[in-house]
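Below is one structure, written out as structure tokens; the observations come after it.
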Amino acid sequence: MIFDIKDYGAIPDGKTLNTRAIQKAIDDCEKHGGGRVLIEGGKFLSGSIELKSNTELYLAANAVLIGSEDCKDYPERSNVKHVKTKWLPRAKNASFIFADECENISICGLGKIDCNGDKFVYKYRDTYWKYCRRDAATPPRAVFFTGCKNVKVEDITLENLPAGWGYWIHDCDVVTIDRAKIFANVDYPNNDGIHINCSRSVTVSNCNIVCGDDCIVVRANSVSLKENKVCEKVCVTNCNLTSYSGGIRIGWCKDGVIRNCVFSNLVMTDTTVGISILLPYLRREAPENMTDVGREETLIENLSFNNIIMNRICSNSILIDVAYSPEMPITGIRNLYFSNIHASGCEFPTLLGRSDNYLKNICFSDCTFEITDGSEFPNRFAHGATSHNDGQYHAPRVRYVENIKFNNTEFKVN
């Protein structure tokens, strides 16, 4: 069945707030056993909406769903079932599109979701970020799926993010994101493209992502969940990635298990770091003050990176950095395979394990890493979050690594 939002009173003038009409169409769709909620023929302004099971939100090519510029139209939800909100990053569950413990849901079509992000930032004097969030009430996520099964995002364009993550896939199973486009201002902070956390069997394919923060994040932070969950069987393939932060970022403070993932056939351009596994220094007092810290020992294993082109990388093409901190428990980082990686930029790969926990079984095959003179970045500290970069060109750095192999791999300096 098709549920046209215009039949529920939605007005496509880009000015009238249509939140209630769109939500009523979604609710009726669920009550009738599922179907398609149709958005077509104009610009529809809306606040936060919640998807329901067996529902497809379909945006026709001539449709734009526009986010309200009023933070009050993205309220905190008090009836969330799957997560403890106080332990979510930023301690907020607000989002433009939300789904909680749903099955068989999708966002599809050649239309656009415009998050109206320009209204949520202001120019900011800073070492590297040019803009800052307007206030703490800025929606932290555009699309937030938590505890869902059988999720599909296809063809849709998500643009103008409000200094917040694009898609957050949080403890979900069987997720497909195909032919999706994410276009965000590269100077806006916290604009992650797709953030995959504690989820299983996730495929991201044929996507174009341009954003200010990391394009694709894979994590296992279970602190907001009732029990610890692994993040595994993530496949990212055939994508174009551009970011003033990172292309692929894996892990963070006290994440749990991340394993059995493949990243292949990717093109990364103009990123600060291409591929990173970064476990930063964690202060002893940090868990009390940070909402983005997990509660487990970190294990990252069995990851494959294959057929990847990186061009104009402002810092490291590959960065694995495990800071020593007694507050950062680690089981291990092991079995990482890099093949047919061809990268050019300002820094060679850096692989830094820990004296009490070596990186293990790292293999490079048929790779080329080329250092350029940095002239493509006239002001390196204005290129995203590059304050960590001292502007010097280092040789490849390898420390506390056990069993590393370089097969037919070349390091060049221009």
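Just remember, in the structure tokens the first chain shown is A, the second B, etc., residues are 1-based per chain, and ligands are 1-based in the order shown.
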Exercise for the section: Might you pull out every residue within 12 Å of Leu336 of chain A, with only C-alpha atoms counted and same-chain residues fewer than 6 positions away left off, and present them as a PyMOL selection string? Expected result: chain A and resi 258-263+275-277+300-306+318+320+351+359-365+401-405
Spatial neighbours of Ala99 of chain A, max dist 9 Å, only C-alpha atoms, sep filter under 3 positions, as a tab-separated table (two decimals) with C-alpha atoms, in the first residue's frame:
chain	number	residue	atom	x	y	z
A	49	ILE	CA	10.01	11.78	12.46
A	50	GLU	CA	10.10	8.16	13.59
A	51	LEU	CA	10.04	5.19	11.22
A	52	LYS	CA	8.06	2.06	12.11
A	53	SER	CA	8.43	-1.61	11.18
A	102	CYS	CA	12.18	-1.83	14.10
A	105	ILE	CA	12.56	-0.51	7.26
A	143	VAL	CA	19.45	9.48	10.78
A	144	PHE	CA	19.61	7.25	13.87
A	145	PHE	CA	18.78	3.52	13.72
A	146	THR	CA	19.11	1.60	16.99
A	147	GLY	CA	18.28	-2.04	17.66
A	148	CYS	CA	16.87	-2.53	14.16
Problem - For Trp252 of chain A: contacts at 8 Å, only C-alpha atoms, fewer than 3 positions along chain excluded, given as a ChimeraX atom specification - result: /A:219,255,277-280,293
Selection from above, C-alpha atoms, as a CSV table (one decimal), in the first residue's frame, can you write it?
chain,number,residue,atom,x,y,z
A,219,ARG,CA,33.2,1.1,16.4
A,255,ASP,CA,35.7,-0.1,22.4
A,277,ILE,CA,42.9,2.7,14.0
A,278,LEU,CA,43.3,5.2,16.7
A,279,LEU,CA,43.1,4.4,20.4
A,280,PRO,CA,44.0,7.8,22.0
A,293,VAL,CA,33.9,6.2,26.0
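Nearest to Lys123 of chain A of all the residues A:Arg354, A:Tyr188, A:His32, A:Ile156 is A:Tyr188, based on only C-alpha atoms.
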Practice task
as a PyMOL selection string, please: all residues of segment 85-310 of chain A that backbone DSSP puts in strand (DSSP E).
Solution key: chain A and resi 95-100+103-108+112-114+121-123+131-133+141-146+149-154+157-159+165-170+173-178+181-183+194-197+200-205+208-211+216-219+231-243+246-250+257-269+273-279+298-310
Exercise for the section: Do a neighbour search on segment 264-273 of chain A at 8 Å with only C-alpha atoms, toss out local chain neighbours closer than 4 positions, and write the hits as a PyMOL selection string. Expected result: chain A and resi 236-247+304-319+383-386
Problem - Near-Leu59 of chain A list (8 Å; only C-alpha atoms; drop same-chain fewer than 4 positions) as a ChimeraX atom specification - result: /A:38-40,63-65,107-112,156
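Remark: for Ile2 of chain A, the closest of the candidate residues A:Trp165, A:Phe348, A:Tyr358, A:Tyr58 is A:Tyr58 (distances computed over only C-alpha atoms).
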Could you please write out, as a short mmCIF file (atom, residue, chain, number, x, y, z; two decimals) with C-alpha atoms, in the first residue's frame, every residue of segment 254-383 of chain A that DSSP assigns to alpha helix (DSSP H)?
data_model
loop_
_atom_site.label_atom_id
_atom_site.label_comp_id
_atom_site.auth_asym_id
_atom_site.auth_seq_id
_atom_site.Cartn_x
_atom_site.Cartn_y
_atom_site.Cartn_z
CA ALA A 286 37.89 10.92 31.42
CA PRO A 287 35.07 8.32 31.84
CA GLU A 288 33.28 10.68 34.20
CA ASN A 289 33.45 13.55 31.74
#
Exercise for the section: Check the smallest atom-to-atom distance from each of A:Arg334, A:Glu410, A:Arg397, A:Leu352 to Cys367 of chain A using only C-alpha atoms, then report the winner. Expected result: A:Glu410
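Using only C-alpha atoms, the smallest distance between any of A:Ser199, A:Asn340, A:Thr298, A:Asn208 and Ile169 of chain A comes from A:Ser199.
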